[in-house]
>>> print(open('structure.cif').read())   # mmCIF, C-alpha atoms
data_query
loop_
_atom_site.label_atom_id
_atom_site.label_comp_id
_atom_site.auth_asym_id
_atom_site.auth_seq_id
_atom_site.Cartn_x
_atom_site.Cartn_y
_atom_site.Cartn_z
CA MET A 1 -29.89 -127.26 144.90
CA LYS A 2 -28.93 -125.48 141.64
CA PRO A 3 -26.62 -122.43 141.98
CA LYS A 4 -29.33 -120.11 140.61
CA SER A 5 -31.96 -121.38 143.09
CA LEU A 6 -29.39 -121.22 145.91
CA LEU A 7 -28.57 -117.60 145.11
CA GLU A 8 -32.26 -116.74 144.89
CA SER A 9 -33.13 -118.42 148.22
CA TRP A 10 -30.23 -116.66 150.00
CA LYS A 11 -30.71 -113.22 148.39
CA TYR A 12 -32.66 -111.60 151.23
CA PRO A 13 -30.97 -113.53 154.07
CA SER A 14 -27.61 -112.29 152.72
CA ILE A 15 -28.83 -108.68 152.62
CA LEU A 16 -30.16 -109.06 156.16
CA LEU A 17 -26.85 -110.52 157.38
CA PHE A 18 -25.00 -107.57 155.80
CA GLY A 19 -27.29 -105.12 157.61
CA ILE A 20 -26.76 -106.96 160.92
CA GLY A 21 -23.00 -106.84 160.36
CA VAL A 22 -22.98 -103.07 159.72
CA SER A 23 -25.11 -102.44 162.81
CA ASN A 24 -22.98 -104.78 164.95
CA VAL A 25 -19.71 -103.05 164.06
CA GLY A 26 -21.38 -99.70 164.76
CA ASP A 27 -22.53 -100.91 168.20
CA TRP A 28 -18.98 -101.85 169.21
CA ILE A 29 -17.54 -98.52 168.05
CA TYR A 30 -20.34 -96.72 169.94
CA LEU A 31 -19.71 -98.67 173.16
CA ILE A 32 -15.95 -98.04 173.22
CA ALA A 33 -16.26 -94.37 172.22
CA LEU A 34 -18.98 -93.76 174.82
CA ASN A 35 -16.83 -95.33 177.56
CA LEU A 36 -13.96 -92.98 176.68
CA ILE A 37 -16.19 -89.89 176.51
CA VAL A 38 -17.69 -90.57 179.97
CA LEU A 39 -14.25 -91.41 181.41
CA ASP A 40 -12.77 -88.17 179.99
CA MET A 41 -15.69 -86.13 181.39
CA THR A 42 -15.63 -87.64 184.89
CA GLY A 43 -12.31 -89.42 185.40
CA SER A 44 -14.31 -92.08 187.27
CA PRO A 45 -14.45 -95.82 186.43
CA LEU A 46 -17.70 -95.95 188.44
CA ALA A 47 -19.28 -93.44 186.03
CA VAL A 48 -18.36 -95.79 183.16
CA SER A 49 -19.83 -98.83 184.96
CA ILE A 50 -23.18 -97.01 185.20
CA LEU A 51 -23.39 -97.22 181.38
CA TYR A 52 -23.52 -101.03 181.70
CA ILE A 53 -26.33 -100.90 184.27
CA LEU A 54 -28.44 -98.68 181.98
CA LYS A 55 -29.02 -101.48 179.44
CA PRO A 56 -30.79 -103.98 181.75
CA LEU A 57 -32.59 -101.05 183.42
CA ALA A 58 -33.91 -99.94 180.02
CA THR A 59 -35.07 -103.51 179.39
CA LEU A 60 -36.96 -103.47 182.71
CA PHE A 61 -38.74 -100.26 181.70
CA THR A 62 -39.46 -101.42 178.13
CA ASN A 63 -40.17 -105.12 177.95
CA GLY A 64 -43.31 -105.13 180.08
CA TRP A 65 -45.23 -103.45 177.25
CA ALA A 66 -42.94 -103.76 174.19
CA GLY A 67 -44.14 -107.24 173.20
CA SER A 68 -47.74 -106.00 172.91
CA VAL A 69 -46.56 -103.32 170.47
CA ILE A 70 -44.20 -105.59 168.51
CA ASP A 71 -46.76 -108.35 167.85
CA ARG A 72 -49.27 -105.80 166.51
CA LEU A 73 -47.02 -103.61 164.34
CA ASN A 74 -45.44 -104.19 160.93
CA LYS A 75 -42.06 -105.71 161.91
CA ARG A 76 -40.02 -104.42 158.97
CA ASN A 77 -41.33 -100.87 159.35
CA LEU A 78 -40.74 -100.97 163.10
CA MET A 79 -37.12 -102.10 162.57
CA ILE A 80 -36.53 -99.24 160.13
CA GLY A 81 -38.11 -96.73 162.53
CA LEU A 82 -36.07 -97.96 165.51
CA ASP A 83 -32.80 -97.79 163.51
CA VAL A 84 -33.53 -94.20 162.40
CA PHE A 85 -34.54 -93.29 165.97
CA ARG A 86 -31.30 -94.75 167.42
CA ALA A 87 -29.12 -93.15 164.75
CA PHE A 88 -30.64 -89.70 165.40
CA PHE A 89 -30.18 -89.80 169.17
CA ILE A 90 -26.67 -91.30 168.97
CA ALA A 91 -25.70 -88.38 166.70
CA ILE A 92 -26.89 -85.96 169.42
CA LEU A 93 -24.74 -87.52 172.19
CA PRO A 94 -21.51 -85.54 171.46
CA ILE A 95 -23.23 -82.14 171.92
CA LEU A 96 -24.64 -82.93 175.39
CA PRO A 97 -23.03 -80.80 178.13
CA THR A 98 -23.22 -83.11 181.18
CA VAL A 99 -22.72 -86.77 181.97
CA TRP A 100 -26.28 -86.98 183.39
CA ALA A 101 -27.68 -85.74 180.08
CA ILE A 102 -25.63 -88.49 178.36
CA TYR A 103 -26.99 -91.12 180.78
CA SER A 104 -30.58 -90.00 180.06
CA LEU A 105 -30.14 -90.20 176.29
CA VAL A 106 -28.26 -93.53 176.46
CA PHE A 107 -31.17 -94.89 178.52
CA ILE A 108 -33.62 -93.87 175.75
CA ILE A 109 -31.34 -95.39 173.07
CA ASN A 110 -31.16 -98.63 175.10
CA MET A 111 -34.97 -98.71 175.31
CA ALA A 112 -35.12 -98.62 171.51
CA SER A 113 -32.47 -101.39 171.34
CA SER A 114 -34.52 -103.49 173.80
CA MET A 115 -37.47 -103.25 171.40
CA PHE A 116 -35.34 -103.88 168.33
CA GLU A 117 -34.02 -107.30 169.43
CA PRO A 118 -37.39 -109.16 169.74
CA THR A 119 -38.69 -107.30 166.65
CA SER A 120 -35.78 -108.47 164.50
CA MET A 121 -36.05 -112.02 165.88
CA THR A 122 -39.72 -112.19 164.85
CA TYR A 123 -38.97 -110.77 161.38
CA ILE A 124 -36.06 -113.19 160.86
CA THR A 125 -38.28 -116.14 161.84
CA LYS A 126 -40.90 -115.06 159.30
CA LEU A 127 -38.29 -114.52 156.56
CA ILE A 128 -36.02 -117.56 156.93
CA PRO A 129 -37.48 -120.99 156.03
CA ARG A 130 -37.21 -123.61 158.76
CA ASP A 131 -34.59 -125.69 156.88
CA GLN A 132 -32.27 -122.67 156.49
CA ARG A 133 -32.38 -121.39 160.07
CA ARG A 134 -29.44 -123.37 161.49
CA ARG A 135 -27.17 -122.18 158.66
CA PHE A 136 -28.45 -118.60 158.93
CA ASN A 137 -27.91 -118.51 162.71
CA SER A 138 -24.42 -119.98 162.28
CA LEU A 139 -23.56 -117.24 159.78
CA ARG A 140 -25.10 -114.65 162.09
CA SER A 141 -22.90 -115.91 164.93
CA LEU A 142 -19.90 -115.58 162.60
CA ILE A 143 -20.86 -111.99 161.76
CA ASP A 144 -21.37 -111.18 165.44
CA SER A 145 -17.87 -112.48 166.21
CA GLY A 146 -16.53 -110.45 163.29
CA GLY A 147 -18.10 -107.36 164.84
CA PHE A 148 -16.41 -108.25 168.15
CA LEU A 149 -13.02 -108.23 166.40
CA ILE A 150 -13.50 -105.58 163.69
CA GLY A 151 -15.49 -103.02 165.75
CA PRO A 152 -12.79 -102.34 168.38
CA ALA A 153 -10.09 -102.35 165.67
CA ILE A 154 -11.96 -99.72 163.62
CA ALA A 155 -12.60 -97.72 166.81
CA GLY A 156 -8.86 -97.77 167.53
CA LEU A 157 -8.06 -96.48 164.03
CA MET A 158 -10.66 -93.73 164.44
CA PHE A 159 -9.15 -92.66 167.76
CA MET A 160 -5.70 -92.49 166.11
CA ASN A 161 -6.97 -90.16 163.40
CA GLY A 162 -9.82 -88.42 165.20
CA THR A 163 -11.73 -88.34 168.49
CA PRO A 164 -14.33 -90.48 170.27
CA PHE A 165 -16.90 -87.88 169.11
CA PHE A 166 -16.01 -88.64 165.48
CA ALA A 167 -16.48 -92.36 166.22
CA ILE A 168 -19.94 -91.64 167.69
CA TYR A 169 -20.97 -89.83 164.47
CA MET A 170 -19.68 -92.78 162.40
CA THR A 171 -21.78 -95.14 164.54
CA ALA A 172 -24.89 -93.05 163.90
CA ILE A 173 -24.19 -93.25 160.16
CA ALA A 174 -23.65 -97.05 160.35
CA ILE A 175 -26.97 -97.64 162.16
CA PHE A 176 -28.75 -95.33 159.72
CA ILE A 177 -27.28 -97.35 156.82
CA SER A 178 -28.55 -100.53 158.54
CA GLY A 179 -32.04 -98.97 158.54
CA LEU A 180 -31.72 -98.11 154.82
CA ILE A 181 -30.69 -101.71 154.07
CA THR A 182 -33.85 -102.92 155.86
CA THR A 183 -35.99 -100.85 153.46
CA ILE A 184 -35.05 -103.18 150.58
CA MET A 185 -36.09 -106.25 152.55
CA PRO A 186 -39.51 -107.78 151.71
CA ASN A 187 -42.50 -106.41 153.57
CA LEU A 188 -43.91 -109.65 155.00
CA GLU A 189 -46.93 -107.93 156.53
CA LYS A 190 -48.16 -105.75 153.67
CA GLY A 191 -51.40 -104.00 154.38
CA ARG A 192 -50.87 -104.44 158.10
CA ALA A 193 -49.59 -101.06 159.18
CA ALA A 194 -50.64 -101.39 162.79
CA ASP A 195 -53.13 -103.79 164.34
CA ILE A 196 -52.67 -101.95 167.61
CA GLU A 197 -55.16 -99.34 166.40
CA GLU A 198 -57.84 -102.03 166.38
CA SER A 199 -57.32 -102.78 170.08
CA LYS A 200 -56.52 -99.65 172.05
CA PHE A 201 -53.29 -99.79 174.00
CA SER A 202 -54.25 -99.96 177.67
CA LEU A 203 -53.51 -101.69 180.96
CA ASN A 204 -56.25 -104.21 180.15
CA LEU A 205 -54.54 -105.02 176.85
CA LEU A 206 -51.21 -105.53 178.66
CA LYS A 207 -52.92 -107.75 181.23
CA ARG A 208 -54.46 -109.89 178.46
CA ASP A 209 -51.10 -110.17 176.71
CA TRP A 210 -49.34 -111.26 179.90
CA GLN A 211 -52.06 -113.89 180.30
CA VAL A 212 -51.33 -115.06 176.74
CA VAL A 213 -47.65 -115.51 177.66
CA SER A 214 -48.60 -117.28 180.89
CA SER A 215 -50.99 -119.64 179.05
CA PHE A 216 -48.41 -120.36 176.36
CA SER A 217 -45.77 -121.12 179.02
CA LYS A 218 -48.11 -123.52 180.86
CA ALA A 219 -48.99 -125.29 177.60
CA HIS A 220 -45.33 -125.61 176.54
CA VAL A 221 -43.51 -126.28 179.81
CA PHE A 222 -40.64 -128.21 178.23
CA THR A 223 -39.90 -125.51 175.64
CA MET A 224 -40.00 -122.68 178.17
CA THR A 225 -37.88 -124.64 180.67
CA ILE A 226 -35.06 -124.85 178.13
CA TYR A 227 -35.59 -121.15 177.34
CA LEU A 228 -35.31 -120.24 181.04
CA LEU A 229 -32.27 -122.47 181.61
CA PHE A 230 -30.42 -120.78 178.73
CA GLY A 231 -31.41 -117.39 180.16
CA CYS A 232 -30.06 -118.42 183.59
CA MET A 233 -26.76 -119.46 181.98
CA MET A 234 -26.48 -116.02 180.34
CA VAL A 235 -27.30 -114.30 183.65
CA MET A 236 -24.47 -116.21 185.35
CA ALA A 237 -22.11 -115.44 182.45
CA THR A 238 -22.89 -111.71 182.68
CA ALA A 239 -22.33 -111.68 186.46
CA ILE A 240 -19.01 -113.53 186.13
CA ASP A 241 -17.92 -111.28 183.24
CA SER A 242 -18.56 -108.21 185.42
CA LEU A 243 -15.63 -109.38 187.60
CA GLU A 244 -13.42 -110.27 184.63
CA ALA A 245 -11.14 -107.21 184.69
CA ALA A 246 -10.70 -107.35 188.48
CA PHE A 247 -9.99 -111.12 188.28
CA ALA A 248 -7.35 -110.59 185.58
CA LYS A 249 -5.62 -107.75 187.46
CA GLU A 250 -5.88 -108.93 191.08
CA VAL A 251 -5.90 -112.74 190.85
CA LEU A 252 -3.80 -113.32 187.73
CA SER A 253 -1.69 -110.14 188.18
CA LEU A 254 -1.93 -109.32 184.46
CA THR A 255 -0.81 -106.01 182.97
CA ASP A 256 -3.27 -103.96 180.91
CA SER A 257 -1.67 -105.17 177.68
CA LYS A 258 -1.87 -108.85 178.73
CA TYR A 259 -5.50 -108.41 179.76
CA GLY A 260 -6.20 -106.87 176.35
CA PHE A 261 -4.52 -109.89 174.73
CA LEU A 262 -6.72 -112.22 176.85
CA VAL A 263 -9.84 -110.47 175.54
CA SER A 264 -8.48 -110.81 171.99
CA ILE A 265 -8.13 -114.58 172.53
CA ALA A 266 -11.83 -114.69 173.45
CA GLY A 267 -12.63 -112.82 170.22
CA ALA A 268 -10.55 -115.31 168.24
CA GLY A 269 -12.37 -118.21 169.95
CA ILE A 270 -15.78 -116.83 168.93
CA ALA A 271 -14.57 -116.28 165.35
CA VAL A 272 -13.11 -119.81 165.02
CA GLY A 273 -16.14 -121.43 166.67
CA ALA A 274 -18.58 -119.52 164.47
CA SER A 275 -16.57 -120.42 161.34
CA VAL A 276 -16.57 -124.13 162.19
CA ASN A 277 -20.28 -123.98 162.98
CA ALA A 278 -21.07 -122.18 159.71
CA VAL A 279 -19.19 -124.80 157.66
CA PHE A 280 -20.75 -127.81 159.43
CA ALA A 281 -24.15 -126.27 160.27
CA LYS A 282 -26.12 -129.08 158.59
CA LYS A 283 -24.17 -131.77 160.46
CA PHE A 284 -25.29 -130.59 163.90
CA THR A 285 -28.80 -130.89 165.28
CA THR A 286 -30.29 -128.00 167.25
CA SER A 287 -30.33 -130.07 170.45
CA MET A 288 -26.61 -130.90 169.98
CA LEU A 289 -25.71 -127.23 169.51
CA LEU A 290 -27.74 -126.18 172.53
CA GLY A 291 -26.92 -129.13 174.84
CA PHE A 292 -23.23 -129.70 174.16
CA GLY A 293 -22.56 -126.04 173.34
CA THR A 294 -23.81 -124.66 176.66
CA LEU A 295 -22.19 -127.45 178.69
CA LEU A 296 -18.78 -126.79 177.12
CA VAL A 297 -19.19 -123.04 177.61
CA SER A 298 -19.47 -123.69 181.35
CA VAL A 299 -16.41 -126.00 181.16
CA GLY A 300 -14.46 -123.08 179.64
CA TYR A 301 -15.60 -120.84 182.51
CA ILE A 302 -14.51 -123.51 185.04
CA ILE A 303 -11.01 -123.64 183.49
CA TYR A 304 -10.83 -119.84 183.66
CA ALA A 305 -12.12 -119.70 187.28
CA PHE A 306 -9.52 -122.19 188.57
CA SER A 307 -6.65 -120.68 186.57
CA SER A 308 -3.63 -119.12 188.24
CA THR A 309 -1.58 -118.35 185.14
CA PHE A 310 -2.16 -116.46 181.91
CA ILE A 311 -1.88 -119.63 179.77
CA VAL A 312 -4.59 -121.56 181.65
CA ALA A 313 -6.90 -118.51 181.69
CA ALA A 314 -6.33 -118.09 177.93
CA ILE A 315 -7.29 -121.75 177.32
CA GLY A 316 -10.47 -121.23 179.36
CA PHE A 317 -11.32 -118.04 177.46
CA PHE A 318 -10.81 -119.74 174.10
CA VAL A 319 -12.90 -122.80 175.05
CA LEU A 320 -15.83 -120.80 176.44
CA SER A 321 -15.93 -118.36 173.52
CA PHE A 322 -15.46 -121.12 170.92
CA PHE A 323 -18.50 -123.05 172.18
CA LEU A 324 -20.53 -119.90 172.85
CA ALA A 325 -20.83 -119.55 169.07
CA PHE A 326 -22.46 -123.02 168.93
CA ALA A 327 -24.70 -122.37 171.95
CA ASN A 328 -26.00 -119.06 170.56
CA ALA A 329 -26.75 -120.53 167.12
CA GLY A 330 -28.54 -123.47 168.76
CA PHE A 331 -30.60 -121.23 171.02
CA HIS A 332 -31.69 -118.88 168.22
CA THR A 333 -32.74 -121.86 166.06
CA PHE A 334 -34.58 -123.48 168.98
CA TYR A 335 -36.37 -120.21 169.73
CA GLN A 336 -37.39 -119.65 166.09
CA ASN A 337 -38.64 -123.22 165.67
CA ASN A 338 -40.62 -123.47 168.90
CA ILE A 339 -42.17 -120.06 169.61
CA PRO A 340 -45.00 -119.15 167.16
CA VAL A 341 -44.42 -115.81 165.44
CA GLU A 342 -47.86 -114.61 166.54
CA VAL A 343 -46.70 -114.44 170.19
CA MET A 344 -42.92 -114.24 169.71
CA GLY A 345 -42.69 -110.53 170.52
CA ARG A 346 -44.65 -110.90 173.76
CA VAL A 347 -42.89 -114.08 174.90
CA GLY A 348 -39.44 -112.66 174.12
CA SER A 349 -40.20 -109.36 175.85
CA VAL A 350 -41.65 -110.86 179.04
CA TYR A 351 -38.84 -113.38 179.47
CA GLY A 352 -36.32 -110.68 178.53
CA LEU A 353 -37.75 -108.60 181.37
CA ILE A 354 -37.20 -111.47 183.83
CA GLU A 355 -33.64 -111.98 182.53
CA ALA A 356 -32.80 -108.26 182.85
CA PHE A 357 -34.06 -108.23 186.45
CA LEU A 358 -31.96 -111.30 187.31
CA ILE A 359 -28.87 -109.77 185.64
CA ILE A 360 -29.13 -106.64 187.81
CA VAL A 361 -29.72 -108.63 191.04
CA VAL A 362 -27.10 -111.37 190.47
CA THR A 363 -24.44 -108.96 189.15
CA ALA A 364 -24.93 -106.73 192.22
CA LEU A 365 -24.73 -109.76 194.54
CA PHE A 366 -21.51 -110.96 192.89
CA GLY A 367 -20.02 -107.47 193.18
CA PHE A 368 -20.84 -107.21 196.90
CA ALA A 369 -19.66 -110.79 197.55
CA ALA A 370 -16.34 -110.06 195.80
CA GLN A 371 -15.83 -107.12 198.19
CA LEU A 372 -16.65 -109.21 201.27
CA ILE A 373 -14.81 -112.46 200.50
CA SER A 374 -12.55 -112.88 197.49
CA ILE A 375 -12.94 -112.39 193.74
CA LYS A 376 -11.56 -115.85 192.93
CA LEU A 377 -13.95 -117.64 195.30
CA VAL A 378 -16.97 -115.74 193.94
CA VAL A 379 -15.98 -116.53 190.34
CA ILE A 380 -15.49 -120.23 191.21
CA ILE A 381 -18.91 -120.41 192.93
CA GLY A 382 -20.52 -118.64 189.95
CA THR A 383 -18.98 -121.02 187.41
CA LEU A 384 -20.00 -124.10 189.44
CA MET A 385 -23.58 -122.78 189.55
CA MET A 386 -23.43 -122.29 185.78
CA LEU A 387 -22.17 -125.86 185.36
CA VAL A 388 -25.21 -127.20 187.28
CA VAL A 389 -27.59 -125.16 185.08
CA THR A 390 -25.96 -126.36 181.84
CA LEU A 391 -25.90 -130.00 183.02
CA VAL A 392 -29.66 -129.79 183.60
CA MET A 393 -30.10 -128.22 180.15
CA PHE A 394 -27.91 -130.94 178.61
CA VAL A 395 -30.17 -133.65 180.10
CA PHE A 396 -33.31 -131.81 178.91
CA ASN A 397 -31.92 -131.59 175.38
CA LEU A 398 -31.21 -135.33 175.36
CA GLN A 399 -34.94 -135.81 176.10
CA SER A 400 -36.08 -133.35 173.43
CA SER A 401 -37.03 -136.04 170.90
CA LYS A 402 -39.74 -137.29 173.30
CA PHE A 403 -41.57 -133.97 173.18
CA LYS A 404 -43.61 -132.51 170.35
CA PHE A 405 -42.60 -128.89 169.88
CA THR A 406 -44.82 -126.25 168.32
CA SER A 407 -43.99 -125.43 164.74
CA THR A 408 -43.57 -122.05 163.08
CA GLU A 409 -44.45 -123.51 159.70
CA PRO A 410 -47.81 -122.24 158.32
#
>>> encode(input="structure.cif", output="structure tokens")
Amino acid sequence: MKPKSLLESWKYPSILLFGIGVSNVGDWIYLIALNLIVLDMTGSPLAVSILYILKPLATLFTNGWAGSVIDRLNKRNLMIGLDVFRAFFIAILPILPTVWAIYSLVFIINMASSMFEPTSMTYITKLIPRDQRRRFNSLRSLIDSGGFLIGPAIAGLMFMNGTPFFAIYMTAIAIFISGLITTIMPNLEKGRAADIEESKFSLNLLKRDWQVVSSFSKAHVFTMTIYLLFGCMMVMATAIDSLEAAFAKEVLSLTDSKYGFLVSIAGAGIAVGASVNAVFAKKFTTSMLLGFGTLLVSVGYIIYAFSSTFIVAAIGFFVLSFFLAFANAGFHTFYQNNIPVEVMGRVGSVYGLIEAFLIIVVTALFGFAAQLISIKLVVIIGTLMMLVVTLVMFVFNLQSSKFKFTSTEP
């Protein structure tokens, strides 16, 4: 491809990646600052942990109906509106007088974020041609890992020269800028302000939409099986990660600084993995990224679970985070190529609802089990369960060539 044509074809994807990067860094600053604000107000680690429960809870309250809205609204305009909405309410957080008022507003912000994710996925699928998706998702994974490293570093600098409240205001500005960047993106649904006005939003409409998702799932069992298996892997990862700090302190006897270094190694693993994937994106097939990537993520978790020293745990962290970059890029490409954009919002929302419910249940079970038996044993059992899930997904991906997937091409 000629340099001029290459630049032209990547003009809007590059702008979109920049907007995602700005928003991602802002999200990390917001998360760290919010943790500190709640900890300063209450002095309770439990109060901070509630913040992490609010996200899947918001998904449970949102995703049952969000897909019906997303598939009928103009995606670009909805993304802009959700960014402005989130920026406004984040800017209000520092003036709230009580921790319960903060929880309430964070819940509302998380509801908007739960809508934003499937909306942006649908828009990205419409914007990015099929042959560019693997490269785009690899670059997106690289930007996400950059946010993981840069966001906390910027937050630290802000705390040195200001307060967590200042960091919250900067986050609001970053998300607002992300919304402004979206305004220069092409409007792929011109003249379609809102189809939802043509079919009144009601319980009957929701019922019909859930039936659409059910019918699609029955007609595409293989595709949705892989989707569910990946979701189960992420549920197990979230539950294991919820015990990460306790595992590091109680099992590995790490100091706070060594635990911080361990987390930094994970960040470096994501960055290196995403960089390698971005460079060699065209060499890997989607089934390779998804099959091998997820299997090796679980291998990294196994190494970490059986570790008894900092070095072995660090190797496990690096391996799992390195291959997580491949697995995520493979999953996003698989999702974009095999779920039609006409139902993408509804499918993503309904299955996101199931995943959020499982995250809450499994994370709670792991927490109770860790209290009753031992943290190490629970983590080992969790990682072995993840290994079984990823082995099944690996076998399914080897069989993928035998199945005809749906296409998002017009």
>>> atom_distance(input="structure.cif", atom1="CA of Val361 in chain A", atom2="CA of Lys55 in chain A")
13.6 Å
>>> resolve_selection(input="structure.cif", expression="the PyMOL selection byres ((chain A and resi 139) around 8)", output="VMD selection string")
chain A and resid 17 135 to 138 140 to 143 274 to 275 278
>>> resolve_selection(input="structure.cif", expression="the PyMOL selection byres ((chain A and resi 293-305) around 6)", output="number ranges by chain")
A: 289-292, 306-307, 313, 316, 319-320, 323-324, 326-327, 379-380, 383, 387, 390
>>> atom_distance(input="structure.cif", atom1="CA of Phe318 in chain A", atom2="CA of Ala266 in chain A")
5.2 Å
>>> resolve_selection(input="structure.cif", expression="the PyMOL selection byres ((chain A and resi 34-38) around 8)", output="list in words")
Tyr30, Leu31, Ile32, Ala33, Leu39, Asp40, Met41, Thr42, Gly43, Ala47, Val48, Leu51, Val99, Pro164, Phe165 and Ile168 of chain A
>>> closest_residue(input="structure.cif", among="A:Leu262, A:Met236, A:Phe280, A:Val347", to="Ser215 in chain A", atoms="all atoms listed in the file")
A:Val347
